[in-house]
Amino acid sequence: MKFLLALSLLSLLLLQGNKEKVSFTSVDGLEITADKYHIDEEYPYIVLFHQAGSSRGEFRDIAEKFLKLRNNCLAVDLRSGDNSNFINNETASRARGAGKSVNFLDARGDLLAAIDYAHGLNSKEVILLGSSYSASLALLEGLNHPLVKAVIAFSPGEYFGDDLRMEDTLKTCSIPLFVAVTEREQPYVKQMLKAFPEDDYTLFQPDAGGVHGARALWDDNPSKDEYWLALLMFINNLKK
């Protein structure tokens, strides 16, 4: 099975897509910057959200790999962030310039706007992929959203202090869910998701420790192949 999946992945290496910087408006009027990676109008969009102190650049290479798996991508600059891979977070810069709050929870409206924008590109249900704090936001906003087909959460957690307790808030999961954790993160993430029966979602931990957030998919992570294989299996199941 693993061999066939790997072979399927290799057969897609020649596929090429287009990258375009786009913008749209958040629920409070803030302009959001994103990179749109497009390969085919018939493919769904994976909406990519970065971790703290980061930007859409976190997904520069990750998005290219998702294109080869027959998905379009939208990598979003959330208002809580800074830079990654030498790409500045333009949304965060605008938010600070406008005197807007840039706490983690303030980015919830950015996620909702990104869902609407991505869905409007081809009217297909979208897949959300969050990294660290944005993985928690993806769980909050995506699990029961009518336009969201699935949620992929890399290292979600209790990032919001007294403002919001994930364990107390997450009660239902109506769509496929993939959660990736490190060895250290697994116990408290399982506790955070205790309202969900374990058969209702996929919890993945690599054999060798793991890497926090979506950077687990970067080429410099020794266990990246484990992550990509598990993710490939999950995404393939969504297409059945």
# chains A, B, ... in the order shown; residues from 1 in each chain; ligands from 1
$ select_by_dssp --residues "range 13-83 of chain A" --states "alpha helix (DSSP H)" --output "list in words"
Arg60, Asp61, Ile62, Ala63, Glu64, Lys65, Phe66, Leu67 and Lys68 of chain A
$ residues_around --residues "Gly29 in chain A" --least-positions-apart "2" --cutoff "12 Å" --atoms "only C-alpha atoms" --output "compact mmCIF listing (two decimals) with C-alpha atoms, in the first residue's frame"
# COMPACT_ATOMS: atom_id res chain seq x y z
CA SER A 23 -5.93 40.02 -1.87
CA PHE A 24 -9.38 40.03 -0.32
CA THR A 25 -11.11 41.68 2.62
CA SER A 26 -11.48 40.32 6.14
CA VAL A 27 -14.72 40.63 8.08
CA GLU A 31 -7.05 43.77 3.37
CA ILE A 32 -5.59 40.26 3.45
CA THR A 91 -1.62 41.50 6.38
CA ARG A 94 -1.39 46.53 7.54
CA ALA A 95 -3.10 45.55 10.77
CA ALA A 98 -4.10 50.57 11.21
CA LYS A 100 -5.77 46.86 14.94
CA GLY A 109 -12.25 36.70 10.91
CA ASP A 110 -9.33 36.33 8.50
CA ALA A 113 -12.86 35.51 4.86
$ atom_distance --atom1 "CA of Asn144 in chain A" --atom2 "CA of Phe196 in chain A"
13.2 Å
$ closest_atom_pairs --of "range 173-223 of chain A" --to "range 35-59 of chain A" --cutoff "10 Å" --atoms "only C-alpha atoms" --output "tab-separated table"
residue	atom	partner	partner_atom	distance
A:His212	CA	A:Gln51	CA	9.5
A:Gly213	CA	A:Gln51	CA	6.9
A:Ala214	CA	A:His50	CA	7.6
A:Arg215	CA	A:Glu58	CA	7.4
A:Leu217	CA	A:Phe59	CA	9.1
A:Trp218	CA	A:Phe59	CA	8.7
$ residues_around --residues "Lys239 in chain A" --least-positions-apart "4" --cutoff "12 Å" --atoms "only C-alpha atoms" --output "list in words"
Tyr43, Pro44, Leu69, Arg70, Asn71, Glu125, Ile127, Lys149, Ala150, Pro176, Leu232, Met233, Phe234 and Ile235 of chain A
$ write_last_selection --atoms "N, CA and C atoms" --output "PDB file, in the first residue's frame"
ATOM      1  N   TYR A  43      -9.911  21.063  -9.402  1.00  0.00           N
ATOM      2  CA  TYR A  43      -9.333  20.588  -8.149  1.00  0.00           C
ATOM      3  C   TYR A  43      -9.776  21.470  -6.984  1.00  0.00           C
ATOM      4  N   PRO A  44      -9.941  20.894  -5.801  1.00  0.00           N
ATOM      5  CA  PRO A  44     -10.325  21.692  -4.633  1.00  0.00           C
ATOM      6  C   PRO A  44      -9.176  22.569  -4.141  1.00  0.00           C
ATOM      7  N   LEU A  69      -0.342  16.842  -5.929  1.00  0.00           N
ATOM      8  CA  LEU A  69      -1.346  15.902  -5.429  1.00  0.00           C
ATOM      9  C   LEU A  69      -2.744  16.289  -5.903  1.00  0.00           C
ATOM     10  N   ARG A  70      -2.791  17.101  -6.946  1.00  0.00           N
ATOM     11  CA  ARG A  70      -4.042  17.530  -7.583  1.00  0.00           C
ATOM     12  C   ARG A  70      -4.930  18.348  -6.646  1.00  0.00           C
ATOM     13  N   ASN A  71      -4.296  19.346  -6.018  1.00  0.00           N
ATOM     14  CA  ASN A  71      -5.023  20.329  -5.220  1.00  0.00           C
ATOM     15  C   ASN A  71      -4.534  21.720  -5.577  1.00  0.00           C
ATOM     16  N   GLU A 125     -16.088  22.820  -2.067  1.00  0.00           N
ATOM     17  CA  GLU A 125     -15.745  22.829  -0.656  1.00  0.00           C
ATOM     18  C   GLU A 125     -14.225  22.890  -0.500  1.00  0.00           C
ATOM     19  N   ILE A 127     -10.537  22.673   1.886  1.00  0.00           N
ATOM     20  CA  ILE A 127      -9.851  21.969   2.974  1.00  0.00           C
ATOM     21  C   ILE A 127      -9.011  23.002   3.717  1.00  0.00           C
ATOM     22  N   LYS A 149     -14.682  21.028   3.698  1.00  0.00           N
ATOM     23  CA  LYS A 149     -14.785  19.583   3.505  1.00  0.00           C
ATOM     24  C   LYS A 149     -14.002  18.808   4.549  1.00  0.00           C
ATOM     25  N   ALA A 150     -12.852  19.342   4.988  1.00  0.00           N
ATOM     26  CA  ALA A 150     -12.000  18.648   5.950  1.00  0.00           C
ATOM     27  C   ALA A 150     -11.064  19.664   6.597  1.00  0.00           C
ATOM     28  N   PRO A 176     -14.192  15.095   8.088  1.00  0.00           N
ATOM     29  CA  PRO A 176     -12.909  14.427   8.330  1.00  0.00           C
ATOM     30  C   PRO A 176     -11.884  15.381   8.950  1.00  0.00           C
ATOM     31  N   LEU A 232      -0.954  12.082   2.585  1.00  0.00           N
ATOM     32  CA  LEU A 232      -1.389  11.590   1.275  1.00  0.00           C
ATOM     33  C   LEU A 232      -2.528  10.590   1.418  1.00  0.00           C
ATOM     34  N   MET A 233      -2.417   9.703   2.382  1.00  0.00           N
ATOM     35  CA  MET A 233      -3.468   8.718   2.609  1.00  0.00           C
ATOM     36  C   MET A 233      -4.777   9.402   3.011  1.00  0.00           C
ATOM     37  N   PHE A 234      -4.672  10.411   3.877  1.00  0.00           N
ATOM     38  CA  PHE A 234      -5.871  11.138   4.318  1.00  0.00           C
ATOM     39  C   PHE A 234      -6.525  11.867   3.151  1.00  0.00           C
ATOM     40  N   ILE A 235      -5.731  12.577   2.352  1.00  0.00           N
ATOM     41  CA  ILE A 235      -6.273  13.349   1.237  1.00  0.00           C
ATOM     42  C   ILE A 235      -6.862  12.424   0.182  1.00  0.00           C
TER      43      ILE A 235
END
$ decode --residues "range 105-152 of chain A" --atoms "N, CA and C atoms" --output "compact mmCIF listing (two decimals), in the first residue's frame"
# COMPACT_ATOMS: atom_id res chain seq x y z
N LEU A 105 -6.58 35.27 18.48
CA LEU A 105 -8.02 35.15 18.24
C LEU A 105 -8.54 36.21 17.29
N ASP A 106 -7.81 37.32 17.14
CA ASP A 106 -8.24 38.36 16.20
C ASP A 106 -8.18 37.88 14.76
N ALA A 107 -7.46 36.80 14.51
CA ALA A 107 -7.33 36.27 13.15
C ALA A 107 -8.50 35.37 12.76
N ARG A 108 -9.45 35.16 13.65
CA ARG A 108 -10.58 34.28 13.30
C ARG A 108 -11.35 34.81 12.09
N GLY A 109 -11.55 36.11 12.05
CA GLY A 109 -12.25 36.70 10.91
C GLY A 109 -11.49 36.56 9.62
N ASP A 110 -10.15 36.54 9.70
CA ASP A 110 -9.33 36.33 8.50
C ASP A 110 -9.55 34.93 7.94
N LEU A 111 -9.65 33.94 8.82
CA LEU A 111 -9.93 32.57 8.37
C LEU A 111 -11.28 32.48 7.66
N LEU A 112 -12.29 33.11 8.25
CA LEU A 112 -13.62 33.05 7.65
C LEU A 112 -13.63 33.70 6.27
N ALA A 113 -12.93 34.83 6.16
CA ALA A 113 -12.86 35.51 4.86
C ALA A 113 -12.11 34.66 3.84
N ALA A 114 -11.06 33.97 4.28
CA ALA A 114 -10.29 33.12 3.38
C ALA A 114 -11.11 31.93 2.89
N ILE A 115 -11.93 31.37 3.77
CA ILE A 115 -12.81 30.27 3.37
C ILE A 115 -13.76 30.73 2.27
N ASP A 116 -14.38 31.89 2.48
CA ASP A 116 -15.32 32.41 1.49
C ASP A 116 -14.62 32.70 0.17
N TYR A 117 -13.41 33.28 0.24
CA TYR A 117 -12.68 33.64 -0.98
C TYR A 117 -12.30 32.38 -1.76
N ALA A 118 -11.74 31.39 -1.05
CA ALA A 118 -11.30 30.17 -1.73
C ALA A 118 -12.49 29.42 -2.33
N HIS A 119 -13.58 29.36 -1.62
CA HIS A 119 -14.77 28.69 -2.15
C HIS A 119 -15.29 29.41 -3.38
N GLY A 120 -15.19 30.73 -3.39
CA GLY A 120 -15.67 31.51 -4.53
C GLY A 120 -14.85 31.33 -5.79
N LEU A 121 -13.64 30.77 -5.66
CA LEU A 121 -12.78 30.60 -6.84
C LEU A 121 -13.30 29.52 -7.78
N ASN A 122 -13.90 28.46 -7.22
CA ASN A 122 -14.44 27.42 -8.10
C ASN A 122 -15.68 26.74 -7.51
N SER A 123 -16.24 27.31 -6.46
CA SER A 123 -17.49 26.83 -5.84
C SER A 123 -17.39 25.43 -5.25
N LYS A 124 -16.16 24.97 -4.97
CA LYS A 124 -15.99 23.66 -4.34
C LYS A 124 -15.72 23.83 -2.85
N GLU A 125 -16.09 22.82 -2.07
CA GLU A 125 -15.74 22.83 -0.66
C GLU A 125 -14.23 22.89 -0.50
N VAL A 126 -13.76 23.58 0.53
CA VAL A 126 -12.33 23.76 0.73
C VAL A 126 -11.84 22.87 1.88
N ILE A 127 -10.54 22.67 1.89
CA ILE A 127 -9.85 21.97 2.97
C ILE A 127 -9.01 23.00 3.72
N LEU A 128 -9.08 23.02 5.03
CA LEU A 128 -8.28 23.93 5.83
C LEU A 128 -7.06 23.20 6.38
N LEU A 129 -5.90 23.87 6.32
CA LEU A 129 -4.69 23.35 6.95
C LEU A 129 -4.13 24.45 7.84
N GLY A 130 -4.09 24.18 9.13
CA GLY A 130 -3.57 25.15 10.09
C GLY A 130 -2.29 24.67 10.73
N SER A 131 -1.48 25.64 11.18
CA SER A 131 -0.17 25.37 11.76
C SER A 131 -0.08 26.05 13.13
N SER A 132 0.05 25.25 14.19
CA SER A 132 0.17 25.77 15.55
C SER A 132 -1.09 26.57 15.93
N TYR A 133 -0.96 27.87 16.24
CA TYR A 133 -2.16 28.59 16.69
C TYR A 133 -3.25 28.60 15.64
N SER A 134 -2.87 28.66 14.36
CA SER A 134 -3.90 28.68 13.32
C SER A 134 -4.53 27.30 13.12
N ALA A 135 -3.85 26.24 13.59
CA ALA A 135 -4.48 24.92 13.59
C ALA A 135 -5.66 24.91 14.55
N SER A 136 -5.49 25.56 15.69
CA SER A 136 -6.60 25.68 16.64
C SER A 136 -7.73 26.52 16.05
N LEU A 137 -7.37 27.61 15.37
CA LEU A 137 -8.40 28.43 14.72
C LEU A 137 -9.13 27.63 13.64
N ALA A 138 -8.39 26.81 12.90
CA ALA A 138 -9.03 25.99 11.86
C ALA A 138 -10.02 25.02 12.47
N LEU A 139 -9.70 24.47 13.64
CA LEU A 139 -10.63 23.60 14.34
C LEU A 139 -11.88 24.37 14.77
N LEU A 140 -11.66 25.56 15.31
CA LEU A 140 -12.78 26.36 15.80
C LEU A 140 -13.73 26.76 14.68
N GLU A 141 -13.18 27.18 13.54
CA GLU A 141 -14.00 27.75 12.48
C GLU A 141 -14.39 26.75 11.40
N GLY A 142 -13.62 25.65 11.28
CA GLY A 142 -13.81 24.78 10.13
C GLY A 142 -14.61 23.52 10.34
N LEU A 143 -14.61 22.98 11.56
CA LEU A 143 -15.17 21.64 11.76
C LEU A 143 -16.65 21.54 11.45
N ASN A 144 -17.37 22.63 11.59
CA ASN A 144 -18.80 22.60 11.32
C ASN A 144 -19.22 23.70 10.33
N HIS A 145 -18.27 24.13 9.51
CA HIS A 145 -18.53 25.17 8.51
C HIS A 145 -19.10 24.52 7.25
N PRO A 146 -20.17 25.05 6.67
CA PRO A 146 -20.81 24.41 5.52
C PRO A 146 -19.96 24.39 4.25
N LEU A 147 -18.94 25.23 4.16
CA LEU A 147 -18.10 25.28 2.97
C LEU A 147 -16.79 24.51 3.12
N VAL A 148 -16.59 23.89 4.28
CA VAL A 148 -15.33 23.19 4.56
C VAL A 148 -15.53 21.69 4.49
N LYS A 149 -14.68 21.03 3.70
CA LYS A 149 -14.79 19.58 3.51
C LYS A 149 -14.00 18.81 4.55
N ALA A 150 -12.85 19.34 4.99
CA ALA A 150 -12.00 18.65 5.95
C ALA A 150 -11.06 19.66 6.60
N VAL A 151 -10.52 19.28 7.75
CA VAL A 151 -9.55 20.12 8.45
C VAL A 151 -8.30 19.30 8.73
N ILE A 152 -7.14 19.92 8.44
CA ILE A 152 -5.83 19.34 8.75
C ILE A 152 -5.17 20.26 9.76
